[in-house]
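Shown next: input34.cif, given as mmCIF, C-alpha atoms.
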```
data_work
#
loop_
_atom_site.group_PDB
_atom_site.id
_atom_site.type_symbol
_atom_site.label_atom_id
_atom_site.label_comp_id
_atom_site.auth_asym_id
_atom_site.auth_seq_id
_atom_site.Cartn_x
_atom_site.Cartn_y
_atom_site.Cartn_z
ATOM 1 C CA MET A 1 38.336 37.025 -125.902
ATOM 2 C CA THR A 2 37.072 40.401 -127.106
ATOM 3 C CA ARG A 3 39.001 41.625 -130.134
ATOM 4 C CA PHE A 4 40.441 45.123 -130.181
ATOM 5 C CA ILE A 5 40.244 46.981 -133.484
ATOM 6 C CA ARG A 6 42.333 50.032 -134.389
ATOM 7 C CA ALA A 7 42.354 52.166 -137.527
ATOM 8 C CA PHE A 8 44.095 55.288 -138.799
ATOM 9 C CA ALA A 9 42.243 58.525 -139.457
ATOM 10 C CA GLU A 10 43.436 60.998 -142.089
ATOM 11 C CA HIS A 11 42.733 63.923 -139.763
ATOM 12 C CA SER A 12 42.778 64.192 -135.983
ATOM 13 C CA PRO A 13 39.303 64.417 -134.423
ATOM 14 C CA THR A 14 38.741 67.657 -132.537
ATOM 15 C CA GLU A 15 35.589 66.989 -130.524
ATOM 16 C CA VAL A 16 33.586 64.209 -128.914
ATOM 17 C CA GLY A 17 30.669 63.165 -131.101
ATOM 18 C CA GLU A 18 32.490 63.990 -134.331
ATOM 19 C CA GLU A 19 31.597 61.647 -137.191
ATOM 20 C CA ILE A 20 34.446 60.537 -139.421
ATOM 21 C CA THR A 21 34.484 58.620 -142.681
ATOM 22 C CA LEU A 22 37.665 56.556 -142.793
ATOM 23 C CA PRO A 23 40.037 56.389 -145.790
ATOM 24 C CA ASP A 24 39.083 53.869 -148.478
ATOM 25 C CA LYS A 25 41.922 51.432 -147.714
ATOM 26 C CA GLU A 26 41.065 51.404 -144.010
ATOM 27 C CA ALA A 27 37.376 50.948 -144.810
ATOM 28 C CA ILE A 28 38.033 47.991 -147.091
ATOM 29 C CA HIS A 29 40.215 46.261 -144.495
ATOM 30 C CA LEU A 30 37.795 46.915 -141.650
ATOM 31 C CA SER A 31 34.664 45.844 -143.489
ATOM 32 C CA ARG A 32 35.943 42.962 -145.623
ATOM 33 C CA VAL A 33 38.746 41.494 -143.511
ATOM 34 C CA LEU A 34 37.847 42.355 -139.920
ATOM 35 C CA ARG A 35 34.090 42.234 -140.609
ATOM 36 C CA LEU A 36 33.416 45.409 -138.638
ATOM 37 C CA GLN A 37 29.708 45.781 -137.899
ATOM 38 C CA ASN A 38 27.490 48.705 -136.971
ATOM 39 C CA GLY A 39 27.785 49.272 -133.224
ATOM 40 C CA ASP A 40 31.249 47.703 -132.924
ATOM 41 C CA SER A 41 33.868 49.529 -130.878
ATOM 42 C CA LEU A 42 37.221 50.584 -132.322
ATOM 43 C CA GLU A 43 40.035 53.017 -131.634
ATOM 44 C CA LEU A 44 41.238 55.619 -134.102
ATOM 45 C CA LEU A 45 44.895 56.677 -134.208
ATOM 46 C CA ASP A 46 46.326 59.769 -135.848
ATOM 47 C CA GLY A 47 50.037 58.912 -135.544
ATOM 48 C CA LYS A 48 50.625 62.131 -133.593
ATOM 49 C CA GLY A 49 49.942 60.841 -130.093
ATOM 50 C CA GLY A 50 46.170 60.832 -130.405
ATOM 51 C CA SER A 51 43.976 57.801 -129.737
ATOM 52 C CA PHE A 52 40.215 58.101 -129.993
ATOM 53 C CA PRO A 53 37.773 55.445 -128.718
ATOM 54 C CA SER A 54 34.932 55.325 -131.236
ATOM 55 C CA VAL A 55 31.872 53.361 -132.334
ATOM 56 C CA CYS A 56 31.033 52.220 -135.868
ATOM 57 C CA LEU A 57 27.949 53.902 -137.350
ATOM 58 C CA GLU A 58 28.112 52.433 -140.845
ATOM 59 C CA SER A 59 30.159 49.621 -142.344
ATOM 60 C CA ASN A 60 29.860 48.365 -145.894
ATOM 61 C CA ARG A 61 32.289 47.123 -148.517
ATOM 62 C CA SER A 62 33.533 50.582 -149.457
ATOM 63 C CA LYS A 63 32.646 52.936 -146.607
ATOM 64 C CA VAL A 64 33.110 53.003 -142.855
ATOM 65 C CA THR A 65 31.849 55.876 -140.713
ATOM 66 C CA VAL A 66 32.478 56.138 -136.981
ATOM 67 C CA ARG A 67 31.550 58.449 -134.119
ATOM 68 C CA VAL A 68 34.280 59.616 -131.732
ATOM 69 C CA LEU A 69 33.469 58.905 -128.077
ATOM 70 C CA LYS A 70 36.579 60.264 -126.365
ATOM 71 C CA LEU A 71 39.698 62.318 -127.110
ATOM 72 C CA VAL A 72 42.941 60.950 -125.667
ATOM 73 C CA HIS A 73 46.346 62.533 -126.289
ATOM 74 C CA ASP A 74 49.568 60.805 -125.244
ATOM 75 C CA SER A 75 52.444 63.042 -124.133
ATOM 76 C CA PRO A 76 55.549 62.711 -126.304
ATOM 77 C CA ASN A 77 58.542 60.875 -124.892
ATOM 78 C CA PRO A 78 60.882 63.441 -123.283
ATOM 79 C CA CYS A 79 63.753 61.802 -125.191
ATOM 80 C CA SER A 80 63.342 61.279 -128.924
ATOM 81 C CA ILE A 81 65.168 58.141 -130.065
ATOM 82 C CA ARG A 82 66.485 57.814 -133.604
ATOM 83 C CA MET A 83 67.635 54.472 -134.980
ATOM 84 C CA ALA A 84 70.086 54.866 -137.871
ATOM 85 C CA VAL A 85 70.572 51.404 -139.352
ATOM 86 C CA ALA A 86 72.659 50.206 -142.286
ATOM 87 C CA LEU A 87 70.644 48.929 -145.223
ATOM 88 C CA GLY A 88 70.968 45.219 -145.913
ATOM 89 C CA LYS A 89 70.123 42.670 -148.547
ATOM 90 C CA GLY A 90 66.566 41.909 -149.566
ATOM 91 C CA ASN A 91 63.816 43.187 -147.306
ATOM 92 C CA LYS A 92 65.849 43.395 -144.098
ATOM 93 C CA TRP A 93 65.208 47.118 -143.719
ATOM 94 C CA GLU A 94 61.458 46.726 -144.145
ATOM 95 C CA GLU A 95 61.409 43.848 -141.653
ATOM 96 C CA LEU A 96 62.928 46.166 -139.044
ATOM 97 C CA ILE A 97 60.258 48.847 -139.324
ATOM 98 C CA ARG A 98 57.570 46.853 -137.531
ATOM 99 C CA PRO A 99 59.427 45.867 -134.318
ATOM 100 C CA LEU A 100 61.184 49.244 -134.001
ATOM 101 C CA THR A 101 57.841 51.032 -134.357
ATOM 102 C CA GLU A 102 56.280 48.756 -131.749
ATOM 103 C CA LEU A 103 59.124 49.697 -129.380
ATOM 104 C CA GLY A 104 58.459 53.400 -129.894
ATOM 105 C CA VAL A 105 61.267 54.658 -132.124
ATOM 106 C CA ALA A 106 60.788 58.329 -133.072
ATOM 107 C CA ARG A 107 62.940 58.460 -136.212
ATOM 108 C CA LEU A 108 64.197 55.773 -138.555
ATOM 109 C CA THR A 109 67.141 56.535 -140.822
ATOM 110 C CA PRO A 110 68.419 54.003 -143.387
ATOM 111 C CA LEU A 111 72.199 54.291 -143.750
ATOM 112 C CA ILE A 112 74.366 53.610 -146.764
ATOM 113 C CA THR A 113 77.769 52.551 -145.432
ATOM 114 C CA GLU A 114 81.057 51.458 -146.964
ATOM 115 C CA ARG A 115 80.197 47.806 -146.327
ATOM 116 C CA THR A 116 76.474 47.946 -147.027
ATOM 117 C CA GLU A 117 75.476 44.655 -148.643
ATOM 118 C CA GLY A 118 73.312 44.598 -151.731
ATOM 119 C CA ALA A 119 72.554 47.440 -154.084
ATOM 120 C CA PHE A 120 70.075 50.086 -152.974
ATOM 121 C CA THR A 121 68.694 52.368 -155.628
ATOM 122 C CA MET A 122 66.914 55.638 -154.985
ATOM 123 C CA ALA A 123 64.619 54.840 -157.934
ATOM 124 C CA LYS A 124 60.957 54.632 -156.939
ATOM 125 C CA LEU A 125 61.821 55.887 -153.450
ATOM 126 C CA ASP A 126 58.345 57.387 -153.073
ATOM 127 C CA GLU A 127 56.808 53.948 -153.643
ATOM 128 C CA LYS A 128 59.200 52.362 -151.160
ATOM 129 C CA LYS A 129 58.446 54.976 -148.509
ATOM 130 C CA GLU A 130 54.716 54.490 -149.043
ATOM 131 C CA ARG A 131 55.246 50.807 -148.253
ATOM 132 C CA TRP A 132 57.371 51.704 -145.201
ATOM 133 C CA ILE A 133 54.597 53.976 -143.923
ATOM 134 C CA LYS A 134 52.039 51.197 -144.377
ATOM 135 C CA ILE A 135 54.195 48.798 -142.343
ATOM 136 C CA ALA A 136 54.670 51.372 -139.572
ATOM 137 C CA ARG A 137 50.945 52.080 -139.423
ATOM 138 C CA GLU A 138 50.168 48.392 -139.137
ATOM 139 C CA ALA A 139 52.677 48.174 -136.285
ATOM 140 C CA CYS A 140 51.033 51.121 -134.517
ATOM 141 C CA LYS A 141 47.601 49.529 -134.854
ATOM 142 C CA GLN A 142 48.832 46.162 -133.611
ATOM 143 C CA SER A 143 50.753 47.559 -130.630
ATOM 144 C CA GLY A 144 48.631 50.580 -129.735
ATOM 145 C CA ASN A 145 51.583 52.946 -130.159
ATOM 146 C CA PRO A 146 49.936 56.300 -130.975
ATOM 147 C CA TRP A 147 53.137 57.801 -132.429
ATOM 148 C CA MET A 148 54.187 57.159 -136.021
ATOM 149 C CA PRO A 149 57.954 57.292 -136.515
ATOM 150 C CA ASN A 150 59.469 59.763 -138.940
ATOM 151 C CA LEU A 151 60.692 57.564 -141.806
ATOM 152 C CA GLU A 152 63.621 59.366 -143.386
ATOM 153 C CA ASP A 153 65.288 59.003 -146.777
ATOM 154 C CA PRO A 154 68.412 56.827 -147.052
ATOM 155 C CA ILE A 155 71.583 58.807 -146.396
ATOM 156 C CA PRO A 156 75.305 57.972 -146.615
ATOM 157 C CA PHE A 157 76.797 57.499 -143.157
ATOM 158 C CA THR A 158 79.555 59.967 -144.026
ATOM 159 C CA ASN A 159 76.881 62.650 -144.463
ATOM 160 C CA LYS A 160 74.993 61.860 -141.270
ATOM 161 C CA VAL A 161 78.077 61.711 -139.056
ATOM 162 C CA THR A 162 78.887 65.321 -139.901
ATOM 163 C CA GLN A 163 75.321 66.496 -139.236
ATOM 164 C CA VAL A 164 75.058 65.799 -135.509
ATOM 165 C CA GLU A 165 72.485 68.091 -133.964
ATOM 166 C CA GLU A 166 73.209 70.193 -130.895
ATOM 167 C CA GLY A 167 72.444 68.195 -127.763
ATOM 168 C CA GLU A 168 72.200 64.914 -129.662
ATOM 169 C CA ASP A 169 73.635 61.925 -127.746
ATOM 170 C CA CYS A 170 75.107 59.575 -130.373
ATOM 171 C CA TRP A 171 76.009 55.916 -129.820
ATOM 172 C CA MET A 172 77.573 53.526 -132.318
ATOM 173 C CA GLY A 173 77.335 49.753 -131.961
ATOM 174 C CA SER A 174 80.840 48.299 -132.213
ATOM 175 C CA LEU A 175 83.038 45.442 -131.015
ATOM 176 C CA ARG A 176 85.947 47.840 -130.369
ATOM 177 C CA ASP A 177 87.976 47.215 -127.222
ATOM 178 C CA ASP A 178 86.818 50.535 -125.781
ATOM 179 C CA SER A 179 83.094 49.844 -126.302
ATOM 180 C CA ILE A 180 80.943 50.039 -123.177
ATOM 181 C CA PRO A 181 77.387 48.952 -122.306
ATOM 182 C CA LEU A 182 74.754 51.205 -123.856
ATOM 183 C CA SER A 183 73.981 53.844 -121.235
ATOM 184 C CA PRO A 184 72.509 57.072 -122.642
ATOM 185 C CA LYS A 185 73.150 60.320 -120.810
ATOM 186 C CA SER A 186 70.397 61.318 -118.415
ATOM 187 C CA GLY A 187 68.328 64.329 -119.336
ATOM 188 C CA VAL A 188 69.107 64.329 -123.068
ATOM 189 C CA SER A 189 66.258 65.193 -125.409
ATOM 190 C CA SER A 190 67.677 63.435 -128.462
ATOM 191 C CA LEU A 191 69.363 60.038 -128.649
ATOM 192 C CA SER A 192 70.700 58.472 -131.851
ATOM 193 C CA ILE A 193 71.776 54.838 -132.081
ATOM 194 C CA PHE A 194 73.839 53.745 -135.076
ATOM 195 C CA ILE A 195 73.848 50.110 -136.174
ATOM 196 C CA GLY A 196 76.324 49.060 -138.868
ATOM 197 C CA PRO A 197 76.148 46.452 -141.644
ATOM 198 C CA GLU A 198 76.816 42.728 -141.292
ATOM 199 C CA GLY A 199 80.467 43.319 -142.194
ATOM 200 C CA GLY A 200 80.872 45.981 -139.535
ATOM 201 C CA TRP A 201 81.915 49.599 -139.771
ATOM 202 C CA SER A 202 85.072 50.514 -141.640
ATOM 203 C CA GLU A 203 87.977 52.001 -139.691
ATOM 204 C CA GLU A 204 87.385 55.327 -141.416
ATOM 205 C CA GLU A 205 83.707 55.365 -140.362
ATOM 206 C CA GLU A 206 84.538 54.582 -136.750
ATOM 207 C CA GLU A 207 87.238 57.261 -136.701
ATOM 208 C CA SER A 208 84.784 59.824 -138.115
ATOM 209 C CA ALA A 209 82.320 58.908 -135.387
ATOM 210 C CA ARG A 210 85.007 59.194 -132.691
ATOM 211 C CA VAL A 211 85.986 62.651 -133.905
ATOM 212 C CA GLN A 212 82.343 63.749 -133.698
ATOM 213 C CA GLY A 213 82.117 62.593 -130.103
ATOM 214 C CA PHE A 214 80.155 59.357 -130.591
ATOM 215 C CA SER A 215 80.194 56.801 -127.782
ATOM 216 C CA PHE A 216 80.843 53.181 -128.760
ATOM 217 C CA PHE A 217 78.630 50.528 -127.215
ATOM 218 C CA THR A 218 78.456 46.758 -127.149
ATOM 219 C CA LEU A 219 75.585 44.371 -126.498
ATOM 220 C CA GLY A 220 77.907 41.549 -125.513
ATOM 221 C CA THR A 221 80.774 39.566 -126.951
ATOM 222 C CA HIS A 222 78.800 37.920 -129.756
ATOM 223 C CA ALA A 223 78.549 39.316 -133.280
ATOM 224 C CA LEU A 224 74.855 40.051 -133.846
ATOM 225 C CA ARG A 225 72.830 40.284 -137.006
ATOM 226 C CA VAL A 226 71.771 43.815 -137.908
ATOM 227 C CA GLU A 227 68.129 43.233 -137.016
ATOM 228 C CA THR A 228 69.006 41.587 -133.685
ATOM 229 C CA ALA A 229 71.355 44.423 -132.753
ATOM 230 C CA ALA A 230 68.887 47.162 -133.721
ATOM 231 C CA ILE A 231 65.931 45.720 -131.811
ATOM 232 C CA SER A 232 68.038 44.886 -128.760
ATOM 233 C CA ALA A 233 69.690 48.313 -128.669
ATOM 234 C CA LEU A 234 66.374 50.149 -128.831
ATOM 235 C CA ALA A 235 64.901 47.969 -126.087
ATOM 236 C CA VAL A 236 67.926 48.615 -123.851
ATOM 237 C CA ALA A 237 67.808 52.354 -124.537
ATOM 238 C CA ARG A 238 64.100 52.556 -123.743
ATOM 239 C CA GLN A 239 64.665 50.718 -120.481
ATOM 240 C CA CYS A 240 67.521 53.050 -119.577
ATOM 241 C CA MET A 241 65.231 56.028 -120.139
ATOM 242 C CA LEU A 242 62.703 54.570 -117.697
ATOM 243 C CA CYS A 243 65.270 54.134 -114.912
#
```

Output the structure of this file as structure tokens.
Amino acid sequence: MTRFIRAFAEHSPTEVGEEITLPDKEAIHLSRVLRLQNGDSLELLDGKGGSFPSVCLESNRSKVTVRVLKLVHDSPNPCSIRMAVALGKGNKWEELIRPLTELGVARLTPLITERTEGAFTMAKLDEKKERWIKIAREACKQSGNPWMPNLEDPIPFTNKVTQVEEGEDCWMGSLRDDSIPLSPKSGVSSLSIFIGPEGGWSEEEEESARVQGFSFFTLGTHALRVETAAISALAVARQCMLC
């Protein structure tokens, strides 16, 4: 089976035949791990919808240069989907970045809720976000998704719930009696899906969401783990958008 190699470019190519020297970290991975050779085919991504079939011109332990063979630009999804997910213990948030990126999430917002488990500190946030970006890029390369999600800073749910954008269709996962199957409004340009912590939303948080016009949805009668609920909700929403 022929392998398919993808890499990220720092800048978007602008013309066929353009020669690009890849960033050091990409070059090291391509040359030392993937053993990229002169003449091998690969695809460059820019994270902005661009994918560029290319050929390797030079590959050594510290430098990889490629020539662009074609310019391909993917149209953005007519509905931008944001996943706002409560932070959890350990590396649960980081473990969510990969599958949600593969599924095509546009924005990822970590939420600090009343029942958020574990202590999250804003210290070294730049380092954490650098790691989040690396994970998302790896997911794009693995899946072929040409769009990098916007990875936002952690925000208290109480702040986000009062900052609903005009035209934004907001859905909150809940086991409330009035919850309905996730069914986004047709024609909306912005959809936000809120997933709470393992302990669930507080009554005050759900009331704040109700006042702001959120819809409450359920994925069934079972209580789901945060990561299961987030991945399932995004998959259902994407399918709804295709119908």

For this session: Could you tell me which of A:Leu30, A:Val236, A:Leu182, A:Ile195 comes closest to Val85 in chain A if we count only C-alpha atoms?
Result: A:Ile195

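When all atoms listed in the file are used to compute distances to Val72 in chain A, the closest of the residues A:Glu166, A:Glu114, A:Asp40, A:Glu15 turns out to be A:Glu15.
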
Seminar exercise, completed: Pairwise distance, CA of Ser41 in chain A with CA of Ser54 in chain A, equals 5.9 Å

Exercise. CA of Leu191 in chain A and CA of Phe217 in chain A are how many Å apart?
Worked result: 13.4 Å

For this session: Run the PyMOL selection byres ((chain A and resi 173-177) around 12) against the file shown and list the residues it catches, as a PyMOL selection string.
Result: chain A and resi 83-86+170-172+178-183+192-203+205-207+209-210+214-226+228-230+232-234

Contacts between range 147-153 of chain A and range 14-115 of chain A, please, where a residue of range 14-115 of chain A counts if it comes within 8 Å (with only C-alpha atoms); show its shortest atom pair and distance in Å to one decimal, rows by chain and ascending number, as JSON lines.
```
{"residue": "A:Asp46", "atom": "CA", "partner": "A:Trp147", "partner_atom": "CA", "distance": 7.9}
{"residue": "A:Gly47", "atom": "CA", "partner": "A:Met148", "partner_atom": "CA", "distance": 4.5}
{"residue": "A:Lys48", "atom": "CA", "partner": "A:Trp147", "partner_atom": "CA", "distance": 5.1}
{"residue": "A:Gly49", "atom": "CA", "partner": "A:Trp147", "partner_atom": "CA", "distance": 5.0}
{"residue": "A:Gly50", "atom": "CA", "partner": "A:Trp147", "partner_atom": "CA", "distance": 7.9}
{"residue": "A:Thr101", "atom": "CA", "partner": "A:Pro149", "partner_atom": "CA", "distance": 6.6}
{"residue": "A:Gly104", "atom": "CA", "partner": "A:Trp147", "partner_atom": "CA", "distance": 7.4}
{"residue": "A:Val105", "atom": "CA", "partner": "A:Pro149", "partner_atom": "CA", "distance": 6.1}
{"residue": "A:Ala106", "atom": "CA", "partner": "A:Pro149", "partner_atom": "CA", "distance": 4.6}
{"residue": "A:Arg107", "atom": "CA", "partner": "A:Asn150", "partner_atom": "CA", "distance": 4.6}
{"residue": "A:Leu108", "atom": "CA", "partner": "A:Leu151", "partner_atom": "CA", "distance": 5.1}
{"residue": "A:Thr109", "atom": "CA", "partner": "A:Glu152", "partner_atom": "CA", "distance": 5.2}
{"residue": "A:Pro110", "atom": "CA", "partner": "A:Asp153", "partner_atom": "CA", "distance": 6.8}
```

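By all atoms listed in the file, and with residues fewer than 3 positions from Ser186 in chain A along its chain excluded, the set lying at most 12 Å from it is Pro78, Cys79, Gly167, Glu168, Asp169, Ser183, Ser189, Ser190, Leu191, Ala237, Cys240, Met241, Leu242 and Cys243 of chain A.
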
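Distance check against Pro13 in chain A using all atoms listed in the file: of A:Val68, A:Val33, A:Leu57, A:Leu100, the minimum falls on A:Val68.
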
For this session: Would you list the residues near (76.6, 58.1, -144.8), meaning any protein, DNA or RNA residue with an atom at most 10 Å from that point in file coordinates, counting only C-alpha atoms, as a list of chain:residue names?
Result: A:Ala86, A:Pro110, A:Leu111, A:Ile112, A:Thr113, A:Glu114, A:Pro154, A:Ile155, A:Pro156, A:Phe157, A:Thr158, A:Asn159, A:Lys160, A:Val161, A:Thr162, A:Glu205

Problem set entry | Given the PyMOL selection byres ((chain A and resi 24-27) around 8), the residues it picks as a list in words | Ala7, Phe8, Leu22, Pro23, Ile28, His29, Leu30, Ser31, Ser59, Arg61, Ser62, Lys63 and Val64 of chain A

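For the choices A:Ala235, A:Val164, A:Met122, A:Val188, the atom-to-atom distance to Ser208 in chain A is smallest for A:Val164 when using only C-alpha atoms.
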
For this session: Report as JSON, numbers by chain the full result of the PyMOL selection byres ((chain A and resi 124-128) around 12) when it is applied to this structure.
Result: {"A": [91, 93, 94, 120, 121, 122, 123, 129, 130, 131, 132, 133, 134, 135, 151, 152, 153, 154]}

For this session: Within 8 Å of Gln142 in chain A, counting all atoms listed in the file, which residues show up once you throw out same-chain ones fewer than 3 positions away? Write them as number ranges by chain, please.
Result: A: 6, 138-139

Produce the centre coordinates and the three edge lengths, each in Å to one decimal, of the box along x, y and z that contains all listed atoms of range 141-154 of chain A with 6 Å added on each side, as JSON.
```
{"center_x": 58.0, "center_y": 53.0, "center_z": -138.4, "size_x": 32.8, "size_y": 25.6, "size_z": 29.3}
```

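Distance annotation: of A:Phe4, A:Pro53, A:Leu96, A:Thr65, the residue with the minimal separation from Ile20 in chain A is A:Thr65; atom set is all atoms listed in the file.
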
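Taking CA of Lys185 in chain A and CA of Pro146 in chain A as the two end points, the separation is 25.7 Å.
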
Could you please fill out range 218-243 of chain A with N, CA and C atoms and send it back as a short mmCIF file (atom, residue, chain, number, x, y, z; two decimals), in the frame of the given file?
```
data_model
loop_
_atom_site.label_atom_id
_atom_site.label_comp_id
_atom_site.auth_asym_id
_atom_site.auth_seq_id
_atom_site.Cartn_x
_atom_site.Cartn_y
_atom_site.Cartn_z
N THR A 218 78.52 48.17 -126.81
CA THR A 218 78.46 46.76 -127.15
C THR A 218 77.25 46.13 -126.46
N LEU A 219 76.69 45.12 -127.08
CA LEU A 219 75.58 44.37 -126.50
C LEU A 219 76.05 42.98 -126.07
N GLY A 220 77.35 42.84 -125.90
CA GLY A 220 77.91 41.55 -125.51
C GLY A 220 79.06 41.17 -126.41
N THR A 221 79.58 39.99 -126.20
CA THR A 221 80.77 39.57 -126.95
C THR A 221 80.45 38.92 -128.28
N HIS A 222 79.17 38.60 -128.53
CA HIS A 222 78.80 37.92 -129.76
C HIS A 222 78.54 38.92 -130.89
N ALA A 223 78.88 38.50 -132.10
CA ALA A 223 78.55 39.32 -133.28
C ALA A 223 77.07 39.09 -133.61
N LEU A 224 76.30 40.16 -133.64
CA LEU A 224 74.86 40.05 -133.85
C LEU A 224 74.47 40.43 -135.27
N ARG A 225 73.40 39.85 -135.73
CA ARG A 225 72.83 40.28 -137.01
C ARG A 225 72.30 41.70 -136.84
N VAL A 226 72.20 42.42 -137.96
CA VAL A 226 71.77 43.82 -137.91
C VAL A 226 70.43 43.95 -137.20
N GLU A 227 69.46 43.11 -137.60
CA GLU A 227 68.13 43.23 -137.02
C GLU A 227 68.12 42.91 -135.52
N THR A 228 68.92 41.93 -135.10
CA THR A 228 69.01 41.59 -133.68
C THR A 228 69.61 42.74 -132.90
N ALA A 229 70.69 43.32 -133.43
CA ALA A 229 71.36 44.42 -132.75
C ALA A 229 70.45 45.65 -132.65
N ALA A 230 69.73 45.97 -133.72
CA ALA A 230 68.89 47.16 -133.72
C ALA A 230 67.74 47.04 -132.72
N ILE A 231 67.06 45.92 -132.72
CA ILE A 231 65.93 45.72 -131.81
C ILE A 231 66.41 45.69 -130.36
N SER A 232 67.51 44.98 -130.12
CA SER A 232 68.04 44.89 -128.76
C SER A 232 68.49 46.25 -128.25
N ALA A 233 69.18 47.01 -129.09
CA ALA A 233 69.69 48.31 -128.67
C ALA A 233 68.55 49.26 -128.32
N LEU A 234 67.50 49.26 -129.12
CA LEU A 234 66.37 50.15 -128.83
C LEU A 234 65.69 49.74 -127.53
N ALA A 235 65.53 48.43 -127.32
CA ALA A 235 64.90 47.97 -126.09
C ALA A 235 65.73 48.37 -124.86
N VAL A 236 67.05 48.23 -124.97
CA VAL A 236 67.93 48.62 -123.85
C VAL A 236 67.85 50.12 -123.61
N ALA A 237 67.87 50.90 -124.68
CA ALA A 237 67.81 52.35 -124.54
C ALA A 237 66.50 52.80 -123.90
N ARG A 238 65.39 52.20 -124.32
CA ARG A 238 64.10 52.56 -123.74
C ARG A 238 64.07 52.24 -122.26
N GLN A 239 64.63 51.10 -121.89
CA GLN A 239 64.67 50.72 -120.48
C GLN A 239 65.53 51.68 -119.67
N CYS A 240 66.65 52.09 -120.26
CA CYS A 240 67.52 53.05 -119.58
C CYS A 240 66.78 54.35 -119.32
N MET A 241 65.95 54.77 -120.27
CA MET A 241 65.23 56.03 -120.14
C MET A 241 64.18 55.95 -119.03
N LEU A 242 63.72 54.73 -118.73
CA LEU A 242 62.70 54.57 -117.70
C LEU A 242 63.30 54.53 -116.30
N CYS A 243 64.61 54.28 -116.22
CA CYS A 243 65.27 54.13 -114.91
C CYS A 243 65.51 55.49 -114.26
#
```
